[in-house]
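A.B. asks: One structure, pasted below without further comment.
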There are 2 protein chains.
Amino acid sequence: MIPADHPRYLSLVTREHLAECAKRGIVTLEGLTAHGRGEAFDYMIGERTTRSARTAERTAAALLLMAQNPVISVNGNTAALAAREISALQKACRARVEVNLFHRTEARVTRIENLLRDSGVEVFSGEAEQLLPLSHGRAWCRREGMYSADVVLVPLEDGDRCKTLVDMGKTVIAIDLNPLSRTARSATLTIVDELTRALPQITHACHEISESEKKSLTSSVDNHYLLSEAIREMTERLSHALD
Amino acid sequence: MIPADHPRYLSLVTREHLAECAKRGIVTLEGLTAHGRGEAFDYMIGERTTRSARTAERTAAALLLMAQNPVISVNGNTAALAAREISALQKACRARVEVNLFHRTEARVTRIENLLRDSGVEVFSGEAEQLLPLSHGRAWCRREGMYSADVVLVPLEDGDRCKTLVDMGKTVIAIDLNPLSRTARSATLTIVDELTRALPQITHACHEISESEKKSLTSSVDNHYLLSEAIREMTERLSHALD
């Protein structure tokens with residue numbers, strides 16, 4: 001038991017939850033390490049949604065709402081951390097939710113799909129094919145899902161797949177706490193924020209955004225600016241860290 | 001198999017090795033997440049030994065060589081990542097090497113001790129007692145080991161134990177890539193460098209440091225300055241990251 005007054009309580013409880021999900025075959029061992037990386041970057045932005053992240057989140061809502069065929073791609077860590085938040089966002093933006101894994105086995109896909117359904121997600125689980133020009137299990141997706149999507153939200157994605165989706169002409173929205181990662185740099189729009197803070201912000205924006213804000217945000221997506229702002233926030237926080 | 005030309009080859013191989021060690025019960029699932037955190041901070045200092053880290057490493061060598069009863073405390077991640085480097089340092093500074101775990105079971109202690117012995121470490125494994133004022137397995141150590149040490153090297157330590165050892169009057173040398181962590185701030189001396197780079201640097205310094213350099217370094221340990229330098233290096237690198 002982690003004592004509730006521990007200075008890092010929330011972080012430790014989340015870590016324990018992910019370890020538990022690893023034992024159940026939802027999260028991979030590599031996924032645990034990836035989570036740790038995210039933790040470090042979150043620490044650096046002060047474990048809060050920054051101003052630039054909020055802009056990115058509203059822009060993501062606009063892109064999802066204006067899409068013809070929006071898809072939310074879910075992996076093990078995303079399902080373990082935010083199944084309920086994915087369900088709420090799906091309802092708000094009418095996106096297909098599809099499970100796509102780096103370390104892919106049919107059994108893992110099924111376990112994650114079940115976890116999502118238990119949290120109210122309507123999972124799009126048509127037959128998967130090797131449609132993406134990528135090695136390993138990452139090539140797999142569904143023809144009527146990610147393959148034909150015009151806008152894809154990829155929380156916690158790997159750099160190769162993100163770049164491939166962009167090269168296929170899709171609008172790719174990444175959620176990635178590392179503003180220097182290959183994913184963050186290659187996505188159309190990167191939200192530098194922690195997953196369980198970012199998703200409710202996007203959902204909230206979906207409910208209240210106006211037609212004119214939608215148009216204005218989607219006509220001026222500047223990922224380089226958003227990343228440089230995220231880095232500026234980190235730098236500023238670091239400079240005062242020992243004060 | 002990870003392709004050798006992958007841009008993150010070394011990092012991926014290390015991650016895979018740790019996952020393998022987790023399956024063998026050497027590393028905990030929480031240890032995998034902790035490694036990810038370290039990776040992120042290492043990325044931020046450019047995955048190289050900075051100037052301030054080099055100073056810290058030479059100072060660590062001086063402190064270990066001048067100690068009456070130096071002890072190197074080893075946990076699962078340290079054993080998995082750097083058993084051979086621990087062995088070389090032990091030979092260079094004649095320190096006792098003792099296994100101390102956050103998630104402690106006798107079986108895990110034995111597995112880690114065996115791994116260390118296989119890499120040439122002389123393990124000090126006398127009977128452990130609950131001697132430190134800490135909850136859980138962290139209280140355990142050996143009376144003639146960590147408990148009576150004057151200088152303790154704690155690579156990858158948790159904040160509570162580090163602070164407790166300092167409060168007991170010991171000189172505590174931490175190796176921690178996060179210059180903002182509780183460990184980094186409470187240690188007598190913190191080396192902000194990656195473990196497998198830091199240990200050989202300390203060993204090298206043990207072999208070549210002069211009596212006068214030893215005296216000068218140990219008489220002017222300024223952990224706050226070293227941490228602020230590490231942060232400055234990160235900040236500088238971040239500011240140019242998108243160039």
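Following the order of the structure tokens, first chain is A, next is B, and so on, with residues numbered from 1 inside each chain and ligands from 1 in the order they appear.
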In segment 1-211 of chain A, what's helix (DSSP H, G or I) per DSSP? Answer as an MDAnalysis selection string?

C.D. replies: chainID A and resid 9:23 29:44 51:66 76:93 106:118 136:139 146:148 159:167 182:186 195:208 211

A.B. asks: Can you build me a table of chain B residues sitting at most 9 Å from chain A, with the closest atom pair per residue and its distance in Å to one decimal, using only C-alpha atoms, sorted by chain and residue number, as JSON lines?

C.D. replies:
{"residue": "B:Leu12", "atom": "CA", "partner": "A:Glu30", "partner_atom": "CA", "distance": 9.0}
{"residue": "B:Arg15", "atom": "CA", "partner": "A:Glu30", "partner_atom": "CA", "distance": 6.8}
{"residue": "B:Glu16", "atom": "CA", "partner": "A:Glu30", "partner_atom": "CA", "distance": 7.3}
{"residue": "B:Leu18", "atom": "CA", "partner": "A:Leu29", "partner_atom": "CA", "distance": 8.8}
{"residue": "B:Ala19", "atom": "CA", "partner": "A:Leu29", "partner_atom": "CA", "distance": 5.7}
{"residue": "B:Glu20", "atom": "CA", "partner": "A:Leu29", "partner_atom": "CA", "distance": 8.9}
{"residue": "B:Ala22", "atom": "CA", "partner": "A:Leu29", "partner_atom": "CA", "distance": 8.2}
{"residue": "B:Leu29", "atom": "CA", "partner": "A:Ala19", "partner_atom": "CA", "distance": 5.7}
{"residue": "B:Glu30", "atom": "CA", "partner": "A:Arg15", "partner_atom": "CA", "distance": 6.6}
{"residue": "B:Gly31", "atom": "CA", "partner": "A:Thr33", "partner_atom": "CA", "distance": 8.5}
{"residue": "B:Leu32", "atom": "CA", "partner": "A:Thr33", "partner_atom": "CA", "distance": 5.0}
{"residue": "B:Thr33", "atom": "CA", "partner": "A:Gly36", "partner_atom": "CA", "distance": 4.3}
{"residue": "B:Ala34", "atom": "CA", "partner": "A:Gly36", "partner_atom": "CA", "distance": 5.7}
{"residue": "B:His35", "atom": "CA", "partner": "A:Thr33", "partner_atom": "CA", "distance": 6.2}
{"residue": "B:Gly36", "atom": "CA", "partner": "A:Gly36", "partner_atom": "CA", "distance": 4.1}
{"residue": "B:Arg37", "atom": "CA", "partner": "A:Gly36", "partner_atom": "CA", "distance": 4.3}
{"residue": "B:Gly38", "atom": "CA", "partner": "A:Arg37", "partner_atom": "CA", "distance": 7.2}
{"residue": "B:Glu39", "atom": "CA", "partner": "A:Arg37", "partner_atom": "CA", "distance": 6.4}
{"residue": "B:Ala40", "atom": "CA", "partner": "A:Arg37", "partner_atom": "CA", "distance": 5.0}
{"residue": "B:Phe41", "atom": "CA", "partner": "A:Ala40", "partner_atom": "CA", "distance": 6.9}
{"residue": "B:Asn178", "atom": "CA", "partner": "A:Ala40", "partner_atom": "CA", "distance": 8.3}
{"residue": "B:Leu180", "atom": "CA", "partner": "A:Ala241", "partner_atom": "CA", "distance": 7.0}
{"residue": "B:Arg185", "atom": "CA", "partner": "A:Leu242", "partner_atom": "CA", "distance": 9.0}
{"residue": "B:His224", "atom": "CA", "partner": "A:Leu242", "partner_atom": "CA", "distance": 8.1}
{"residue": "B:Leu227", "atom": "CA", "partner": "A:Leu242", "partner_atom": "CA", "distance": 8.3}
{"residue": "B:Ser228", "atom": "CA", "partner": "A:Leu242", "partner_atom": "CA", "distance": 7.1}
{"residue": "B:Ile231", "atom": "CA", "partner": "A:Leu238", "partner_atom": "CA", "distance": 6.5}
{"residue": "B:Arg232", "atom": "CA", "partner": "A:Ser239", "partner_atom": "CA", "distance": 7.1}
{"residue": "B:Met234", "atom": "CA", "partner": "A:Thr235", "partner_atom": "CA", "distance": 8.1}
{"residue": "B:Thr235", "atom": "CA", "partner": "A:Thr235", "partner_atom": "CA", "distance": 5.2}
{"residue": "B:Glu236", "atom": "CA", "partner": "A:Thr235", "partner_atom": "CA", "distance": 8.2}
{"residue": "B:Leu238", "atom": "CA", "partner": "A:Ile231", "partner_atom": "CA", "distance": 6.5}
{"residue": "B:Ser239", "atom": "CA", "partner": "A:Ile231", "partner_atom": "CA", "distance": 7.0}
{"residue": "B:Ala241", "atom": "CA", "partner": "A:Leu180", "partner_atom": "CA", "distance": 7.0}
{"residue": "B:Leu242", "atom": "CA", "partner": "A:Ser228", "partner_atom": "CA", "distance": 7.1}

A.B. asks: Next, write the just-selected residues to a file, as a compact mmCIF listing (two decimals), in the first residue's frame, keeping N, CA, C and O atoms as the atom set.

C.D. replies:
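out.txt, written as the output of this step:
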# COMPACT_ATOMS: atom_id res chain seq x y z
N LEU B 12 16.97 0.96 -27.09
CA LEU B 12 16.01 -0.14 -27.23
C LEU B 12 16.58 -1.46 -26.72
O LEU B 12 15.89 -2.25 -26.09
N ARG B 15 16.53 -1.41 -22.99
CA ARG B 15 15.16 -1.59 -22.53
C ARG B 15 14.75 -3.06 -22.59
O ARG B 15 14.12 -3.59 -21.69
N GLU B 16 15.15 -3.72 -23.68
CA GLU B 16 14.82 -5.13 -23.87
C GLU B 16 15.54 -5.97 -22.81
O GLU B 16 14.98 -6.91 -22.24
N LEU B 18 16.45 -5.00 -19.83
CA LEU B 18 15.79 -4.81 -18.54
C LEU B 18 14.48 -5.59 -18.47
O LEU B 18 14.14 -6.14 -17.42
N ALA B 19 13.74 -5.61 -19.58
CA ALA B 19 12.49 -6.37 -19.60
C ALA B 19 12.80 -7.85 -19.35
O ALA B 19 12.09 -8.53 -18.59
N GLU B 20 13.87 -8.33 -19.95
CA GLU B 20 14.32 -9.71 -19.75
C GLU B 20 14.66 -9.94 -18.27
O GLU B 20 14.28 -10.95 -17.67
N ALA B 22 13.45 -8.33 -15.82
CA ALA B 22 12.20 -8.28 -15.05
C ALA B 22 11.57 -9.67 -15.06
O ALA B 22 11.06 -10.14 -14.04
N LEU B 29 8.77 -4.46 -11.92
CA LEU B 29 8.01 -3.73 -12.93
C LEU B 29 8.13 -2.22 -12.67
O LEU B 29 8.23 -1.43 -13.59
N GLU B 30 8.15 -1.83 -11.39
CA GLU B 30 8.32 -0.41 -11.05
C GLU B 30 9.72 0.06 -11.48
O GLU B 30 9.90 1.22 -11.86
N GLY B 31 10.68 -0.86 -11.44
CA GLY B 31 12.05 -0.53 -11.87
C GLY B 31 12.11 -0.19 -13.36
O GLY B 31 12.91 0.65 -13.78
N LEU B 32 11.25 -0.82 -14.15
CA LEU B 32 11.21 -0.53 -15.59
C LEU B 32 10.73 0.90 -15.82
O LEU B 32 11.28 1.63 -16.65
N THR B 33 9.71 1.30 -15.07
CA THR B 33 9.21 2.66 -15.20
C THR B 33 10.29 3.66 -14.76
O THR B 33 10.51 4.69 -15.42
N ALA B 34 10.95 3.34 -13.67
CA ALA B 34 12.01 4.23 -13.18
C ALA B 34 13.10 4.39 -14.24
O ALA B 34 13.64 5.48 -14.45
N HIS B 35 13.41 3.31 -14.94
CA HIS B 35 14.42 3.39 -15.99
C HIS B 35 13.97 4.36 -17.10
O HIS B 35 14.78 5.14 -17.62
N GLY B 36 12.70 4.28 -17.43
CA GLY B 36 12.17 5.19 -18.46
C GLY B 36 12.34 6.65 -18.06
O GLY B 36 12.70 7.49 -18.88
N ARG B 37 12.08 6.92 -16.79
CA ARG B 37 12.29 8.30 -16.32
C ARG B 37 13.74 8.73 -16.53
O ARG B 37 14.01 9.81 -17.04
N GLY B 38 14.65 7.84 -16.16
CA GLY B 38 16.07 8.16 -16.35
C GLY B 38 16.40 8.42 -17.81
O GLY B 38 17.10 9.37 -18.14
N GLU B 39 15.85 7.58 -18.69
CA GLU B 39 16.09 7.74 -20.13
C GLU B 39 15.75 9.15 -20.59
O GLU B 39 16.46 9.75 -21.38
N ALA B 40 14.60 9.64 -20.12
CA ALA B 40 14.15 10.96 -20.56
C ALA B 40 15.12 12.05 -20.12
O ALA B 40 15.48 12.93 -20.90
N PHE B 41 15.58 11.95 -18.87
CA PHE B 41 16.52 12.97 -18.40
C PHE B 41 17.87 12.83 -19.11
O PHE B 41 18.54 13.83 -19.37
N ASN B 178 17.92 12.68 -12.72
CA ASN B 178 16.97 13.76 -12.48
C ASN B 178 17.52 14.72 -11.43
O ASN B 178 17.51 14.42 -10.24
N LEU B 180 16.30 17.22 -10.21
CA LEU B 180 15.26 17.80 -9.36
C LEU B 180 14.71 16.80 -8.36
O LEU B 180 13.87 17.14 -7.53
N ARG B 185 18.56 16.10 -4.52
CA ARG B 185 18.68 17.27 -3.66
C ARG B 185 19.15 16.94 -2.27
O ARG B 185 19.74 17.78 -1.60
N HIS B 224 24.63 21.83 -4.53
CA HIS B 224 23.69 22.79 -5.14
C HIS B 224 24.27 23.35 -6.44
O HIS B 224 23.57 23.46 -7.45
N LEU B 227 24.12 20.61 -9.16
CA LEU B 227 22.76 20.42 -9.68
C LEU B 227 22.36 21.59 -10.58
O LEU B 227 21.74 21.40 -11.63
N SER B 228 22.71 22.79 -10.16
CA SER B 228 22.31 23.94 -10.98
C SER B 228 23.06 23.91 -12.31
O SER B 228 22.50 24.30 -13.34
N ILE B 231 21.23 21.41 -14.50
CA ILE B 231 19.99 22.01 -15.00
C ILE B 231 20.30 23.01 -16.11
O ILE B 231 19.61 23.07 -17.12
N ARG B 232 21.37 23.77 -15.93
CA ARG B 232 21.75 24.73 -16.97
C ARG B 232 22.07 24.00 -18.28
O ARG B 232 21.66 24.41 -19.36
N MET B 234 20.85 21.15 -19.29
CA MET B 234 19.57 20.68 -19.87
C MET B 234 18.85 21.84 -20.55
O MET B 234 18.34 21.71 -21.66
N THR B 235 18.80 22.95 -19.84
CA THR B 235 18.08 24.12 -20.36
C THR B 235 18.69 24.56 -21.68
O THR B 235 17.99 24.84 -22.65
N GLU B 236 20.01 24.60 -21.71
CA GLU B 236 20.70 25.06 -22.91
C GLU B 236 20.40 24.13 -24.08
O GLU B 236 20.09 24.56 -25.19
N LEU B 238 17.85 22.08 -24.41
CA LEU B 238 16.43 22.19 -24.79
C LEU B 238 16.19 23.42 -25.66
O LEU B 238 15.43 23.36 -26.63
N SER B 239 16.84 24.53 -25.32
CA SER B 239 16.59 25.77 -26.07
C SER B 239 16.96 25.63 -27.54
O SER B 239 16.40 26.33 -28.38
N ALA B 241 16.86 22.68 -29.19
CA ALA B 241 16.44 21.34 -29.63
C ALA B 241 15.76 21.34 -30.98
O ALA B 241 15.87 20.38 -31.73
N LEU B 242 15.05 22.38 -31.30
CA LEU B 242 14.29 22.38 -32.56
C LEU B 242 15.05 23.08 -33.69
O LEU B 242 14.51 23.22 -34.79

A.B. asks: Could you state the separation of atom CA of Gln201 of chain B and atom CA of Ile26 of chain B in Å, given to one decimal place?

C.D. replies: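 Interatomic distance, atom CA of Gln201 of chain B to atom CA of Ile26 of chain B: 25.2 Å.
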
A.B. asks: Excluding segment 187-191 of chain A and any residue of its chain fewer than 6 positions from it, enumerate the residues within 7 Å of it, using only C-alpha atoms, and give them as a list in words.

C.D. replies: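 Listed by chain and then number, they are Ala53, Ala56, Glu57, Cys162, Lys163, Val166, Thr171, Val172, Ile173, Ala174, Ile175, Asp176 and Asn223 of chain A.
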
A.B. asks: Between A:Ala230, A:Ala92, A:Cys141, A:Cys21, which is the closest to Thr78 of chain A once you count only C-alpha atoms?

C.D. replies: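 Smallest separation from Thr78 of chain A among the options: A:Cys21.
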
A.B. asks: Determine the nearest neighbour of Gly159 of chain A from the options A:Leu177, A:Ala184, A:Leu134, A:Ile72, counting only C-alpha atoms.

C.D. replies: A:Ala184

A.B. asks: Mind pulling up the distance from atom CA of Ile45 of chain A to atom CA of Lys214 of chain A?

C.D. replies: 26.7 Å

A.B. asks: Would you mind telling me which residue in B:Ala139, B:Ala60, B:Val71, B:Ala4 lies nearest to Ile202 of chain B when using only C-alpha atoms?

C.D. replies: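 Closest candidate: B:Ala60.
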
A.B. asks: With distances taken over only C-alpha atoms, which of B:Met66, B:Ala83, B:Val13, B:Leu153 is nearest to Ser212 of chain B?

C.D. replies: B:Met66

A.B. asks: What is the atom CA of Arg182 of chain B-atom CA of Thr196 of chain A distance in Å, reported with one decimal?

C.D. replies: 25.1 Å

A.B. asks: Considering only strand (DSSP E) as DSSP defines it on the backbone, what residues of segment 108-163 of chain A qualify? List them as a VMD selection string.

C.D. replies: chain A and resid 128 to 130 140 to 142 151 to 155

A.B. asks: In terms of the shortest atom-to-atom distance over only C-alpha atoms, which of A:Thr49, A:Ser210, A:Thr218, A:Thr59 is closest to Asp193 of chain A?

C.D. replies: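 Closest to Asp193 of chain A of all the choices is A:Thr49.
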